[in-house]
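Written below as C-alpha coordinates is the structure these notes are about.
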Amino acid sequence: MRFLGNIEAKADAKGRVFLPAVFRKTLQGSGEEYLIMRKDVFQPCLVLYPEAVWNEQMDSLRKRLSRWNSDNQRIFRQFVSDVETITLDANGRFLIPKRYLKMAEIEQRVKFIGMGDTIEIWSCENTEKPFMEPEEFGKALEEMMGGADKAENAQQE
(Lines give C-alpha, C1' and ligand atoms only; values in the text may rest on other atoms or scores of the structure.)
Protein backbone atom coordinates (compact mmCIF):
# COMPACT_ATOMS: atom_id res chain seq x y z
CA MET A 1 0.00 0.00 0.00
CA ARG A 2 1.53 3.29 -1.13
CA PHE A 3 -0.01 6.72 -0.74
CA LEU A 4 1.77 9.23 -2.97
CA GLY A 5 1.33 12.88 -3.91
CA ASN A 6 -0.23 15.91 -2.31
CA ILE A 7 -3.77 17.15 -2.79
CA GLU A 8 -5.54 20.23 -1.45
CA ALA A 9 -9.08 20.10 -0.09
CA LYS A 10 -11.44 22.06 2.15
CA ALA A 11 -13.01 21.13 5.45
CA ASP A 12 -16.63 22.18 5.88
CA ALA A 13 -17.91 24.14 8.90
CA LYS A 14 -18.29 20.90 10.91
CA GLY A 15 -14.74 19.74 10.12
CA ARG A 16 -15.72 17.14 7.53
CA VAL A 17 -13.38 16.60 4.62
CA PHE A 18 -13.28 14.29 1.61
CA LEU A 19 -10.42 11.81 1.56
CA PRO A 20 -8.94 12.31 -1.94
CA ALA A 21 -10.18 9.69 -4.42
CA VAL A 22 -6.66 8.47 -5.23
CA PHE A 23 -6.07 7.70 -1.54
CA ARG A 24 -9.54 6.08 -1.19
CA LYS A 25 -8.74 3.75 -4.10
CA THR A 26 -5.44 2.73 -2.51
CA LEU A 27 -7.20 2.11 0.79
CA GLN A 28 -9.99 0.08 -0.80
CA GLY A 29 -7.51 -1.88 -2.92
CA SER A 30 -5.78 -3.07 0.24
CA GLY A 31 -9.06 -4.10 1.89
CA GLU A 32 -8.72 -1.57 4.71
CA GLU A 33 -11.95 -0.23 6.23
CA TYR A 34 -10.67 1.97 9.03
CA LEU A 35 -8.07 4.65 9.50
CA ILE A 36 -6.49 5.70 12.76
CA MET A 37 -5.85 9.42 13.24
CA ARG A 38 -3.36 10.98 15.60
CA LYS A 39 -1.37 14.18 15.84
CA ASP A 40 2.14 13.76 14.44
CA VAL A 41 4.82 13.37 17.11
CA PHE A 42 7.10 16.02 15.58
CA GLN A 43 5.08 18.33 13.30
CA PRO A 44 1.81 20.31 13.51
CA CYS A 45 -0.06 17.90 11.26
CA LEU A 46 -2.36 14.90 11.56
CA VAL A 47 -1.44 11.40 10.44
CA LEU A 48 -3.89 8.84 9.06
CA TYR A 49 -2.75 5.24 9.48
CA PRO A 50 -4.57 2.38 7.75
CA GLU A 51 -5.54 -0.03 10.53
CA ALA A 52 -2.93 -2.64 9.53
CA VAL A 53 -0.15 -0.02 9.49
CA TRP A 54 -1.27 1.32 12.87
CA ASN A 55 -1.18 -2.20 14.32
CA GLU A 56 2.37 -2.70 12.96
CA GLN A 57 3.45 0.61 14.54
CA MET A 58 1.94 -0.37 17.88
CA ASP A 59 3.60 -3.80 17.78
CA SER A 60 6.95 -2.26 16.87
CA LEU A 61 6.73 0.32 19.65
CA ARG A 62 5.57 -2.25 22.21
CA LYS A 63 8.54 -4.50 21.38
CA ARG A 64 10.95 -1.63 22.09
CA LEU A 65 9.31 -0.57 25.35
CA SER A 66 9.18 -2.52 28.58
CA ARG A 67 5.87 -2.85 30.39
CA TRP A 68 7.91 -2.84 33.60
CA ASN A 69 9.54 0.53 33.05
CA SER A 70 7.42 3.52 34.11
CA ASP A 71 8.91 5.91 31.53
CA ASN A 72 8.37 3.35 28.77
CA GLN A 73 4.76 2.92 29.87
CA ARG A 74 4.21 6.68 29.79
CA ILE A 75 5.62 6.88 26.24
CA PHE A 76 3.40 4.04 25.04
CA ARG A 77 0.34 5.47 26.79
CA GLN A 78 0.86 8.88 25.23
CA PHE A 79 1.33 7.41 21.77
CA VAL A 80 -1.79 5.23 21.82
CA SER A 81 -4.21 7.21 23.97
CA ASP A 82 -5.03 10.25 21.86
CA VAL A 83 -6.22 8.58 18.66
CA GLU A 84 -9.47 8.48 16.74
CA THR A 85 -10.79 5.64 14.62
CA ILE A 86 -11.92 7.11 11.31
CA THR A 87 -14.60 5.59 9.11
CA LEU A 88 -15.40 7.12 5.74
CA ASP A 89 -19.06 7.81 4.97
CA ALA A 90 -20.67 6.69 1.70
CA ASN A 91 -19.35 9.85 -0.01
CA GLY A 92 -15.75 9.33 1.16
CA ARG A 93 -15.91 12.02 3.86
CA PHE A 94 -14.75 11.86 7.45
CA LEU A 95 -14.89 14.19 10.43
CA ILE A 96 -11.77 15.77 11.87
CA PRO A 97 -12.66 16.37 15.54
CA LYS A 98 -12.32 19.97 16.74
CA ARG A 99 -9.40 19.20 19.07
CA TYR A 100 -7.45 17.79 16.11
CA LEU A 101 -8.27 20.82 13.96
CA LYS A 102 -6.79 22.92 16.74
CA MET A 103 -3.69 20.72 17.18
CA ALA A 104 -2.90 20.91 13.45
CA GLU A 105 -3.83 24.61 13.18
CA ILE A 106 -6.40 23.75 10.50
CA GLU A 107 -9.01 26.36 9.71
CA GLN A 108 -10.55 25.30 6.41
CA ARG A 109 -8.04 24.52 3.65
CA VAL A 110 -6.02 21.32 4.08
CA LYS A 111 -3.33 19.51 2.17
CA PHE A 112 -3.19 15.70 2.13
CA ILE A 113 0.35 14.39 1.66
CA GLY A 114 0.89 10.73 0.83
CA MET A 115 3.78 9.41 2.90
CA GLY A 116 4.00 5.85 1.61
CA ASP A 117 2.04 3.83 4.17
CA THR A 118 0.41 6.83 5.89
CA ILE A 119 -1.31 10.08 4.92
CA GLU A 120 -0.52 13.43 6.54
CA ILE A 121 -3.07 16.23 6.80
CA TRP A 122 -1.62 19.75 6.95
CA SER A 123 -3.17 23.16 7.22
CA CYS A 124 -2.58 24.92 3.88
CA GLU A 125 -1.28 27.86 5.93
CA ASN A 126 1.58 25.60 7.12
CA THR A 127 2.51 24.11 3.75
CA GLU A 128 6.11 25.33 3.93
CA LYS A 129 6.79 23.51 7.22
CA PRO A 130 6.89 19.93 5.90
CA PHE A 131 9.33 20.68 3.10
CA MET A 132 12.98 21.68 2.72
CA GLU A 133 14.25 24.26 0.27
CA PRO A 134 15.15 22.50 -3.03
CA GLU A 135 18.89 23.14 -2.60
CA GLU A 136 18.86 21.92 1.02
CA PHE A 137 16.88 18.82 -0.06
CA GLY A 138 19.36 18.02 -2.83
CA LYS A 139 22.32 18.28 -0.47
CA ALA A 140 20.66 16.17 2.22
CA LEU A 141 19.71 13.48 -0.30
CA GLU A 142 23.21 13.49 -1.77
CA GLU A 143 24.74 13.06 1.69
CA MET A 144 22.38 10.23 2.57
CA MET A 145 22.37 8.37 -0.73
CA GLY A 146 25.76 9.38 -2.14
CA GLY A 147 27.58 7.73 0.72
CA ALA A 148 25.67 4.50 0.13
CA ASP A 149 26.76 4.42 -3.53
CA LYS A 150 30.41 4.87 -2.59
CA ALA A 151 30.23 2.03 -0.04
CA GLU A 152 28.53 -0.26 -2.57
CA ASN A 153 31.14 0.54 -5.25
CA ALA A 154 34.00 -0.10 -2.80
CA GLN A 155 32.52 -3.50 -1.89
CA GLN A 156 32.15 -4.48 -5.55
CA GLU A 157 35.80 -3.70 -6.38
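Residue names in the C-alpha coordinates use chain letters A, B, ... in the order shown, residue numbers from 1 in each chain, and ligand numbers from 1 in the order shown.
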Please report, as a VMD selection string, each residue of chain A to which DSSP assigns alpha helix (DSSP H) when run on this structure's backbone. chain A and resid 21 to 29 51 to 64 70 to 81 98 to 103 134 to 156
Of the residues A:Asp82, A:Asp71, A:Glu32, A:Glu133, which is the one nearest to Arg99 in chain A, using only C-alpha atoms?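 Going through A:Asp82, A:Asp71, A:Glu32, A:Glu133 one by one, the smallest distance to Arg99 in chain A is for A:Asp82.
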Do you know which residues are at most 12 Å from range 22-29 of chain A counting only C-alpha atoms, after dropping those on the same chain fewer than 4 positions away, and could you put them as a count of residues only? 34
When you count only C-alpha atoms, which of these residues is closest to Ile86 in chain A: A:Ala21, A:Val110, A:Val47, A:Met132?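 Ranked by minimum distance to Ile86 in chain A, first place goes to A:Val47.
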From A:Ala140, A:Glu84, A:Arg38, A:Phe76, residue lying nearest Arg64 in chain A [only C-alpha atoms]: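 Closest to Arg64 in chain A of all the choices is A:Phe76.
From CA of Thr85 in chain A back to CA of Asn69 in chain A, the distance works out to 27.9 Å.
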Would you please work out which residue, of A:Met145, A:Leu65, A:Leu19, A:Cys45, is nearest to Tyr100 in chain A when using only C-alpha atoms?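 When distances to Tyr100 in chain A are compared using only C-alpha atoms, the smallest one comes from A:Cys45.
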Expressed in Å to a single decimal, how great is the separation between CA of Ile121 in chain A and CA of Ile36 in chain A?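 CA of Ile121 in chain A sits 12.6 Å away from CA of Ile36 in chain A.
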Any chance you could list, as number ranges by chain, the residues in range 21-137 of chain A that come up strand (DSSP E) when DSSP is run on the backbone? A: 34-39, 46-50, 84-87, 93-95, 109-114, 119-123
Compile the contact shell of Leu61 in chain A as a PyMOL selection string: residues with an atom at most 10 Å away, counting only C-alpha atoms, same-chain residues fewer than 5 positions apart removed. chain A and resi 55-56+66+72+75-76+79
Could you tell me how far CA of Met37 in chain A lies from CA of Trp54 in chain A, in Å and to one decimal? 9.3 Å
